[in-house]
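model-v3.cif follows; it contains mmCIF, C-alpha atoms.
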```cif
data_work
loop_
_atom_site.group_PDB
_atom_site.id
_atom_site.type_symbol
_atom_site.label_atom_id
_atom_site.label_comp_id
_atom_site.auth_asym_id
_atom_site.auth_seq_id
_atom_site.Cartn_x
_atom_site.Cartn_y
_atom_site.Cartn_z
ATOM 1 C CA MET A 1 -77.763 -59.976 37.683
ATOM 2 C CA ILE A 2 -75.718 -57.717 35.407
ATOM 3 C CA SER A 3 -73.892 -54.767 36.963
ATOM 4 C CA LYS A 4 -73.914 -51.275 35.527
ATOM 5 C CA THR A 5 -70.125 -51.300 35.386
ATOM 6 C CA GLY A 6 -70.072 -54.051 32.870
ATOM 7 C CA MET A 7 -72.729 -52.381 30.760
ATOM 8 C CA ASN A 8 -70.937 -48.901 30.523
ATOM 9 C CA PRO A 9 -67.203 -49.066 29.580
ATOM 10 C CA PRO A 10 -64.993 -46.232 30.891
ATOM 11 C CA LYS A 11 -64.813 -43.024 28.861
ATOM 12 C CA LYS A 12 -61.545 -42.202 26.886
ATOM 13 C CA ASN A 13 -60.088 -38.664 27.210
ATOM 14 C CA ALA A 14 -59.553 -36.771 23.842
ATOM 15 C CA PHE A 15 -58.866 -33.242 22.535
ATOM 16 C CA THR A 16 -61.804 -31.204 21.539
ATOM 17 C CA LEU A 17 -61.913 -29.386 18.218
ATOM 18 C CA ILE A 18 -61.396 -26.048 19.936
ATOM 19 C CA GLU A 19 -58.309 -27.350 21.756
ATOM 20 C CA LEU A 20 -56.857 -28.637 18.467
ATOM 21 C CA LEU A 21 -57.459 -25.311 16.800
ATOM 22 C CA VAL A 22 -55.769 -23.436 19.656
ATOM 23 C CA ALA A 23 -52.771 -25.793 19.561
ATOM 24 C CA LEU A 24 -52.534 -25.406 15.793
ATOM 25 C CA VAL A 25 -52.521 -21.618 16.083
ATOM 26 C CA ILE A 26 -49.794 -21.721 18.757
ATOM 27 C CA PHE A 27 -47.682 -24.171 16.751
ATOM 28 C CA SER A 28 -48.048 -22.061 13.609
ATOM 29 C CA ALA A 29 -47.036 -18.902 15.446
ATOM 30 C CA VAL A 30 -43.989 -20.612 16.948
ATOM 31 C CA SER A 31 -43.006 -22.054 13.549
ATOM 32 C CA VAL A 32 -43.326 -18.682 11.836
ATOM 33 C CA GLY A 33 -41.216 -17.095 14.571
ATOM 34 C CA LEU A 34 -38.520 -19.776 14.273
ATOM 35 C CA CYS A 35 -38.435 -19.442 10.486
ATOM 36 C CA ALA A 36 -38.172 -15.654 10.713
ATOM 37 C CA PHE A 37 -35.436 -15.929 13.342
ATOM 38 C CA THR A 38 -33.506 -18.449 11.228
ATOM 39 C CA ALA A 39 -33.804 -16.324 8.079
ATOM 40 C CA THR A 40 -32.677 -13.202 9.941
ATOM 41 C CA SER A 41 -29.796 -15.062 11.552
ATOM 42 C CA MET A 42 -28.649 -16.482 8.226
ATOM 43 C CA ARG A 43 -28.786 -13.032 6.657
ATOM 44 C CA LEU A 44 -26.829 -11.507 9.540
ATOM 45 C CA VAL A 45 -24.228 -14.265 9.285
ATOM 46 C CA GLY A 46 -23.938 -13.688 5.544
ATOM 47 C CA ARG A 47 -23.599 -9.934 6.018
ATOM 48 C CA ASN A 48 -20.973 -10.412 8.726
ATOM 49 C CA LEU A 49 -19.017 -12.771 6.470
ATOM 50 C CA ALA A 50 -19.204 -10.227 3.662
ATOM 51 C CA THR A 51 -18.042 -7.427 5.941
ATOM 52 C CA ASN A 52 -15.213 -9.538 7.346
ATOM 53 C CA HIS A 53 -14.142 -10.473 3.825
ATOM 54 C CA THR A 54 -14.153 -6.811 2.812
ATOM 55 C CA HIS A 55 -12.083 -5.826 5.840
ATOM 56 C CA GLN A 56 -9.644 -8.679 5.328
ATOM 57 C CA THR A 57 -8.993 -7.963 1.660
ATOM 58 C CA MET A 58 -8.552 -4.246 2.345
ATOM 59 C CA ARG A 59 -6.324 -4.982 5.339
ATOM 60 C CA ILE A 60 -3.941 -7.075 3.250
ATOM 61 C CA SER A 61 -3.573 -4.485 0.500
ATOM 62 C CA GLY A 62 -3.486 -1.674 3.059
ATOM 63 C CA GLN A 63 -0.611 -3.285 4.925
ATOM 64 C CA GLN A 64 1.400 -3.526 1.703
ATOM 65 C CA LEU A 65 0.669 0.100 0.870
ATOM 66 C CA LEU A 66 1.618 1.376 4.329
ATOM 67 C CA TYR A 67 4.771 -0.766 4.395
ATOM 68 C CA ASP A 68 5.996 0.672 1.092
ATOM 69 C CA LEU A 69 5.192 4.246 2.140
ATOM 70 C CA HIS A 70 7.074 3.810 5.414
ATOM 71 C CA GLN A 71 10.109 2.610 3.463
ATOM 72 C CA ALA A 72 10.366 5.923 1.596
ATOM 73 C CA ALA A 73 13.914 7.262 1.626
ATOM 74 C CA CYS A 74 13.022 10.734 0.399
ATOM 75 C CA ALA A 75 10.279 13.311 0.474
ATOM 76 C CA PHE A 76 6.936 12.396 -1.065
ATOM 77 C CA ARG A 77 5.923 13.967 -4.378
ATOM 78 C CA LEU A 78 2.282 14.225 -5.451
ATOM 79 C CA ILE A 79 1.471 13.308 -9.041
ATOM 80 C CA SER A 80 -1.591 13.281 -11.247
ATOM 81 C CA PHE A 81 -2.505 10.660 -13.816
ATOM 82 C CA ASP A 82 -5.264 11.340 -16.363
ATOM 83 C CA GLY A 83 -5.180 7.994 -18.139
ATOM 84 C CA THR A 84 -2.349 9.050 -20.461
ATOM 85 C CA ASN A 85 0.022 11.495 -18.775
ATOM 86 C CA TYR A 86 1.793 11.514 -15.432
ATOM 87 C CA THR A 87 2.200 15.075 -14.161
ATOM 88 C CA ASP A 88 3.968 16.410 -11.057
ATOM 89 C CA LEU A 89 1.798 18.603 -8.855
ATOM 90 C CA THR A 90 2.709 21.570 -6.680
ATOM 91 C CA PRO A 91 0.685 21.054 -3.491
ATOM 92 C CA THR A 92 -0.904 24.004 -1.725
ATOM 93 C CA ALA A 93 -2.351 24.058 1.769
ATOM 94 C CA THR A 94 -6.096 24.011 2.307
ATOM 95 C CA THR A 95 -8.237 24.680 5.362
ATOM 96 C CA ASP A 96 -8.676 20.932 5.909
ATOM 97 C CA VAL A 97 -7.064 20.094 9.266
ATOM 98 C CA ASP A 98 -5.774 16.560 9.753
ATOM 99 C CA ALA A 99 -7.316 15.030 12.885
ATOM 100 C CA PHE A 100 -4.181 13.059 13.779
ATOM 101 C CA THR A 101 -1.528 15.771 13.511
ATOM 102 C CA GLN A 102 -3.555 19.004 13.551
ATOM 103 C CA GLN A 103 -1.649 20.058 10.434
ATOM 104 C CA TYR A 104 -3.166 21.372 7.231
ATOM 105 C CA ALA A 105 -3.718 18.972 4.359
ATOM 106 C CA SER A 106 -2.783 19.936 0.851
ATOM 107 C CA THR A 107 -4.898 19.678 -2.257
ATOM 108 C CA ARG A 108 -5.496 16.004 -2.957
ATOM 109 C CA ALA A 109 -3.956 13.922 -5.736
ATOM 110 C CA ASN A 110 -4.520 10.494 -7.214
ATOM 111 C CA GLY A 111 -0.832 9.573 -7.115
ATOM 112 C CA VAL A 112 2.341 9.802 -5.040
ATOM 113 C CA ARG A 113 5.931 8.970 -5.960
ATOM 114 C CA PHE A 114 8.987 8.390 -3.787
ATOM 115 C CA ARG A 115 12.240 6.444 -3.668
ATOM 116 C CA VAL A 116 12.946 3.192 -1.874
ATOM 117 C CA GLN A 117 16.155 1.267 -1.408
ATOM 118 C CA ALA A 118 16.540 -1.090 -4.353
ATOM 119 C CA GLY A 119 19.968 -2.557 -3.638
ATOM 120 C CA GLY A 120 22.993 -2.424 -1.405
ATOM 121 C CA PRO A 121 25.219 -2.043 0.309
ATOM 122 C CA TYR A 122 27.552 -2.963 -2.562
ATOM 123 C CA PRO A 123 31.337 -2.534 -2.295
ATOM 124 C CA LEU A 124 33.199 -0.062 -4.486
ATOM 125 C CA THR A 125 35.832 -2.211 -6.239
ATOM 126 C CA ALA A 126 38.009 0.330 -8.084
ATOM 127 C CA ASN A 127 39.967 3.335 -6.838
ATOM 128 C CA THR A 128 38.705 6.796 -7.651
ATOM 129 C CA THR A 129 40.045 10.296 -7.751
ATOM 130 C CA ALA A 130 38.154 13.355 -6.615
ATOM 131 C CA ALA A 131 37.253 14.039 -10.261
ATOM 132 C CA SER A 132 36.031 10.505 -11.032
ATOM 133 C CA THR A 133 32.550 10.275 -12.536
ATOM 134 C CA SER A 134 32.669 6.493 -13.103
ATOM 135 C CA LEU A 135 32.230 4.148 -10.166
ATOM 136 C CA GLN A 136 32.719 0.393 -10.201
ATOM 137 C CA PHE A 137 30.751 -1.838 -7.830
ATOM 138 C CA ASP A 138 30.349 -5.553 -7.269
ATOM 139 C CA PHE A 139 26.598 -6.177 -7.390
ATOM 140 C CA GLY A 140 26.777 -9.880 -6.591
ATOM 141 C CA VAL A 141 25.220 -11.271 -3.427
ATOM 142 C CA GLY A 142 25.892 -14.927 -2.685
ATOM 143 C CA GLY A 143 26.296 -15.730 -6.356
ATOM 144 C CA GLN A 144 23.020 -13.966 -7.193
ATOM 145 C CA LEU A 145 22.274 -10.624 -8.827
ATOM 146 C CA PRO A 146 19.283 -9.182 -6.936
ATOM 147 C CA TYR A 147 19.676 -5.660 -8.314
ATOM 148 C CA VAL A 148 20.829 -4.212 -11.647
ATOM 149 C CA PRO A 149 21.385 -0.435 -11.788
ATOM 150 C CA GLN A 150 19.603 1.666 -14.369
ATOM 151 C CA VAL A 151 19.628 5.260 -15.550
ATOM 152 C CA GLY A 152 17.436 7.313 -13.214
ATOM 153 C CA ASP A 153 18.377 5.427 -10.060
ATOM 154 C CA LYS A 154 20.399 7.133 -7.336
ATOM 155 C CA VAL A 155 23.544 5.976 -5.585
ATOM 156 C CA ALA A 156 24.304 7.163 -2.055
ATOM 157 C CA VAL A 157 27.805 6.785 -0.582
ATOM 158 C CA PRO A 158 27.382 6.960 3.219
ATOM 159 C CA LEU A 159 31.105 7.348 3.903
ATOM 160 C CA LEU A 160 31.130 10.545 1.848
ATOM 161 C CA SER A 161 27.602 11.690 2.818
ATOM 162 C CA ARG A 162 26.844 12.296 -0.850
ATOM 163 C CA ASP A 163 24.360 10.959 -3.358
ATOM 164 C CA PHE A 164 24.199 11.174 -7.129
ATOM 165 C CA ASP A 165 21.849 10.457 -9.988
ATOM 166 C CA ILE A 166 22.945 7.646 -12.287
ATOM 167 C CA THR A 167 23.186 9.044 -15.815
ATOM 168 C CA ALA A 168 24.643 5.959 -17.521
ATOM 169 C CA VAL A 169 25.416 2.301 -16.883
ATOM 170 C CA THR A 170 28.535 1.704 -18.951
ATOM 171 C CA THR A 171 29.017 -1.879 -17.750
ATOM 172 C CA VAL A 172 25.855 -3.784 -16.932
ATOM 173 C CA PRO A 173 26.414 -6.524 -14.312
ATOM 174 C CA THR A 174 25.348 -10.050 -15.220
ATOM 175 C CA PRO A 175 25.093 -13.305 -13.243
ATOM 176 C CA GLY A 176 28.333 -14.382 -14.891
ATOM 177 C CA ASN A 177 30.109 -11.094 -14.153
ATOM 178 C CA THR A 178 28.578 -9.160 -11.268
ATOM 179 C CA THR A 179 30.894 -6.144 -11.662
ATOM 180 C CA GLY A 180 29.126 -3.061 -12.997
ATOM 181 C CA VAL A 181 30.227 0.476 -13.806
ATOM 182 C CA ILE A 182 27.937 3.508 -13.460
ATOM 183 C CA THR A 183 28.330 7.170 -14.370
ATOM 184 C CA ILE A 184 27.245 9.745 -11.793
ATOM 185 C CA SER A 185 25.547 13.038 -12.539
ATOM 186 C CA ASP A 186 27.992 15.487 -10.938
ATOM 187 C CA PRO A 187 30.398 16.682 -13.657
ATOM 188 C CA ALA A 188 32.895 17.686 -10.940
ATOM 189 C CA GLY A 189 33.186 14.058 -9.954
ATOM 190 C CA LEU A 190 32.893 12.097 -6.733
ATOM 191 C CA GLY A 191 34.676 14.792 -4.732
ATOM 192 C CA PHE A 192 36.935 12.373 -2.836
ATOM 193 C CA ALA A 193 39.727 9.974 -3.683
ATOM 194 C CA VAL A 194 38.750 6.476 -2.577
ATOM 195 C CA ASP A 195 41.334 3.735 -2.015
ATOM 196 C CA THR A 196 39.796 0.285 -2.420
ATOM 197 C CA THR A 197 43.005 -1.738 -2.945
ATOM 198 C CA THR A 198 44.589 -1.324 0.473
ATOM 199 C CA SER A 199 43.672 -4.244 2.722
ATOM 200 C CA GLY A 200 40.924 -3.349 5.164
ATOM 201 C CA ASN A 201 39.526 -0.465 3.128
ATOM 202 C CA LEU A 202 35.820 -0.787 2.292
ATOM 203 C CA THR A 203 33.559 1.840 0.774
ATOM 204 C CA THR A 204 29.971 0.925 -0.060
ATOM 205 C CA GLY A 205 27.089 2.412 -1.974
ATOM 206 C CA TYR A 206 23.322 2.121 -1.583
ATOM 207 C CA PHE A 207 21.045 2.315 -4.611
ATOM 208 C CA TYR A 208 17.574 3.848 -4.678
ATOM 209 C CA ARG A 209 14.819 3.536 -7.264
ATOM 210 C CA GLU A 210 11.708 5.609 -7.698
ATOM 211 C CA VAL A 211 8.331 3.922 -7.242
ATOM 212 C CA ALA A 212 4.777 5.244 -7.161
ATOM 213 C CA TYR A 213 1.207 4.493 -6.142
ATOM 214 C CA THR A 214 -1.718 5.763 -8.192
ATOM 215 C CA VAL A 215 -5.494 5.413 -8.082
ATOM 216 C CA TYR A 216 -7.219 5.346 -11.453
ATOM 217 C CA ASN A 217 -10.332 3.671 -12.815
ATOM 218 C CA ASN A 218 -11.202 2.548 -9.251
ATOM 219 C CA GLN A 219 -7.901 0.663 -9.017
ATOM 220 C CA LEU A 220 -5.043 1.057 -6.566
ATOM 221 C CA ARG A 221 -1.875 0.536 -8.636
ATOM 222 C CA PHE A 222 1.776 0.089 -7.722
ATOM 223 C CA HIS A 223 4.482 1.261 -10.127
ATOM 224 C CA ALA A 224 7.610 -0.675 -9.139
ATOM 225 C CA ASN A 225 9.821 1.261 -11.569
ATOM 226 C CA TYR A 226 8.544 4.803 -11.973
ATOM 227 C CA ASN A 227 11.176 5.792 -14.495
ATOM 228 C CA GLY A 228 10.941 6.811 -18.121
ATOM 229 C CA LEU A 229 8.755 4.571 -20.254
ATOM 230 C CA THR A 230 8.478 1.991 -17.461
ATOM 231 C CA LYS A 231 6.434 4.346 -15.250
ATOM 232 C CA GLY A 232 3.350 3.213 -17.151
ATOM 233 C CA ASN A 233 3.880 -0.382 -16.001
ATOM 234 C CA TRP A 234 1.889 -1.164 -12.894
ATOM 235 C CA ARG A 235 0.643 -3.994 -10.711
ATOM 236 C CA LEU A 236 -2.910 -4.098 -9.377
ATOM 237 C CA ILE A 237 -3.033 -3.911 -5.593
ATOM 238 C CA ARG A 238 -6.788 -3.525 -5.077
ATOM 239 C CA ASN A 239 -9.781 -2.762 -7.263
ATOM 240 C CA LYS A 240 -13.158 -1.262 -6.304
ATOM 241 C CA ILE A 241 -11.470 1.802 -4.797
ATOM 242 C CA THR A 242 -13.992 4.608 -4.323
ATOM 243 C CA SER A 243 -11.528 7.363 -3.326
ATOM 244 C CA PRO A 244 -10.424 9.050 -6.567
ATOM 245 C CA GLN A 245 -7.806 11.284 -4.866
ATOM 246 C CA PRO A 246 -6.602 9.714 -1.608
ATOM 247 C CA PHE A 247 -3.141 11.326 -1.277
ATOM 248 C CA ALA A 248 -2.214 14.679 0.305
ATOM 249 C CA LEU A 249 0.798 16.274 1.985
ATOM 250 C CA LEU A 250 0.725 18.015 5.361
ATOM 251 C CA PHE A 251 1.664 21.615 6.111
ATOM 252 C CA PRO A 252 2.587 22.916 9.605
ATOM 253 C CA THR A 253 0.402 25.953 8.892
ATOM 254 C CA ASN A 254 -1.573 27.002 5.876
ATOM 255 C CA GLY A 255 1.003 29.666 5.086
ATOM 256 C CA THR A 256 4.216 27.628 5.094
ATOM 257 C CA ALA A 257 5.717 25.147 2.649
ATOM 258 C CA SER A 258 5.429 21.409 3.159
ATOM 259 C CA ASP A 259 8.623 19.417 3.685
ATOM 260 C CA GLY A 260 6.938 16.438 2.018
ATOM 261 C CA LEU A 261 7.867 14.097 4.867
ATOM 262 C CA ASN A 262 4.330 13.324 6.007
ATOM 263 C CA LEU A 263 1.718 11.882 3.689
ATOM 264 C CA ARG A 264 -1.984 11.913 4.479
ATOM 265 C CA LEU A 265 -3.849 8.902 3.153
ATOM 266 C CA SER A 266 -7.624 8.521 2.988
ATOM 267 C CA LEU A 267 -8.593 5.448 0.989
ATOM 268 C CA GLU A 268 -12.025 3.854 0.715
ATOM 269 C CA TYR A 269 -12.887 0.438 -0.688
ATOM 270 C CA TYR A 270 -16.306 -1.038 -1.461
ATOM 271 C CA ASP A 271 -16.887 -4.738 -2.041
ATOM 272 C CA THR A 272 -19.390 -4.750 -4.910
ATOM 273 C CA ASP A 273 -19.209 -8.542 -5.322
ATOM 274 C CA TYR A 274 -20.862 -9.161 -1.973
ATOM 275 C CA SER A 275 -23.280 -6.273 -2.400
ATOM 276 C CA ALA A 276 -24.514 -7.886 -5.604
ATOM 277 C CA ARG A 277 -25.593 -10.827 -3.443
ATOM 278 C CA LYS A 278 -27.753 -8.460 -1.392
ATOM 279 C CA PHE A 279 -25.217 -8.515 1.451
ATOM 280 C CA THR A 280 -24.472 -4.840 1.992
ATOM 281 C CA SER A 281 -20.912 -4.843 3.277
ATOM 282 C CA GLY A 282 -20.497 -1.067 3.172
ATOM 283 C CA THR A 283 -17.143 0.644 2.816
ATOM 284 C CA VAL A 284 -13.777 0.194 4.466
ATOM 285 C CA THR A 285 -11.795 3.370 5.082
ATOM 286 C CA LEU A 286 -8.034 3.414 5.546
ATOM 287 C CA GLN A 287 -7.087 6.801 6.958
ATOM 288 C CA ALA A 288 -3.570 7.391 8.191
ATOM 289 C CA THR A 289 -0.746 9.880 8.389
ATOM 290 C CA VAL A 290 2.425 8.211 7.138
ATOM 291 C CA PRO A 291 5.791 9.591 8.246
ATOM 292 C CA ILE A 292 8.947 8.454 6.522
ATOM 293 C CA ARG A 293 10.658 5.816 8.671
ATOM 294 C CA ASP A 294 14.175 7.130 7.944
ATOM 295 C CA ARG A 295 14.035 10.865 7.567
ATOM 296 C CA PRO A 296 16.159 12.077 4.624
ATOM 297 C CA PRO A 297 18.970 11.876 4.020
ATOM 298 C CA PRO A 298 19.893 8.992 3.041
ATOM 299 C CA ILE A 299 19.269 10.762 -0.248
ATOM 300 C CA SER A 300 18.816 14.417 -0.969
ATOM 301 C CA SER A 301 15.572 16.299 -1.372
ATOM 302 C CA THR A 302 16.391 16.758 -5.055
ATOM 303 C CA ASN A 303 15.331 13.169 -5.719
ATOM 304 C CA ALA A 304 12.471 14.390 -7.866
ATOM 305 C CA SER A 305 14.717 16.191 -10.351
#
```

Once you've parsed the file, please lay out its structure as structure tokens.
Amino acid sequence: MISKTGMNPPKKNAFTLIELLVALVIFSAVSVGLCAFTATSMRLVGRNLATNHTHQTMRISGQQLLYDLHQAACAFRLISFDGTNYTDLTPTATTDVDAFTQQYASTRANGVRFRVQAGGPYPLTANTTAASTSLQFDFGVGGQLPYVPQVGDKVAVPLLSRDFDITAVTTVPTPGNTTGVITISDPAGLGFAVDTTTSGNLTTGYFYREVAYTVYNNQLRFHANYNGLTKGNWRLIRNKITSPQPFALLFPTNGTASDGLNLRLSLEYYDTDYSARKFTSGTVTLQATVPIRDRPPPISSTNAS
């Protein structure tokens, strides 16, 4: 006798067509969601990298700019550059109130010039009379010659609390002979007799050179020697600058003159390289009020003459 169990093998469980279709729809939806999430995440990461790169590059150049401005040893002077000529500007107050200081900003300019310490202290190595217009210094430092005076620089003598324009360099110091002789601008002379030969006597001078920052053709430029024909020589600090006139002076009120000791800076930078890759990094704005670290003197307010 044959049993029914032996005649009918057990049934095997399987997915129906409807179940497969439902699973396929769910899997497709999850896959599409994961792909969209991954694409969005990658785009956000790329945009964040672009923004961070923009901020970093602007931060580096901004730090250099702010450092140089803080080192100013005189009042700031606004200038204008039109591609050919450098022109001094006479700033006037506007109704624009600076948010940091609550002072009035002047008309804006695309350049600013000022003086920074270029060398010193260097010892005066020859006696002088009150009428002396020639001064002799030893410009050597540890066998090196880090600074060479030039016409247009200023020399400040702290012991005498006086400063002078340099009108001639009659003996140019060299690495082999670091002694140099300069001629000062005051025809009446130094004004004091200085004794450098007596043991223990030491009179020093500090030397200041004019520098400038300009913005032109979307470039932030540094002029390390803003003097005569050399003022047209510049070093690129940052390109892609979108602020054509970022410099202004501050006025206590809109009816008083500016002392030129506080510079308002509003500089914008746009990273077009990353934007071309469809990563919109936007703009970076450097806005600051820059006071001079050492309020003048050390050199007089006539530095611009």

Exercise for the section: Tell me which of A:Gly142, A:Thr167, A:Lys154, A:Thr128 sits closest to Thr196 of chain A, counting all atoms listed in the file. Expected result: A:Thr128

Exercise for the section: Let me know the residues the PyMOL selection byres ((chain A and resi 239) around 8) catches in the file above, as a list of chain:residue names. Expected result: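 Those residues are A:Asn218, A:Gln219, A:Leu220, A:Leu236, A:Ile237, A:Arg238, A:Lys240, A:Ile241, A:Tyr269.
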
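Atom pair atom CA of Gln150 of chain A / atom CA of Pro123 of chain A has a distance of 17.4 Å (rounded to one decimal).
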
Handout entry: Residue IDs satisfying the PyMOL selection byres ((chain A and resi 223-231) around 6), as number ranges by chain
Key = A: 210-212, 222, 232-234

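Between atom CA of Ala93 of chain A and atom CA of Arg221 of chain A lies a distance of 25.7 Å.
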
Practice task
Run the PyMOL selection byres ((chain A and resi 95-99) around 10) against the file shown and list the residues it catches, as a list in words.
Solution key: Ala93, Thr94, Phe100, Thr101, Gln102, Gln103, Tyr104, Ala105, Ser106, Thr107, Leu250, Phe251, Thr253, Asn254, Arg264, Ala288 and Thr289 of chain A

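Of note, atom CA of Arg209 of chain A and atom CA of Arg108 of chain A are spaced 24.2 Å apart.
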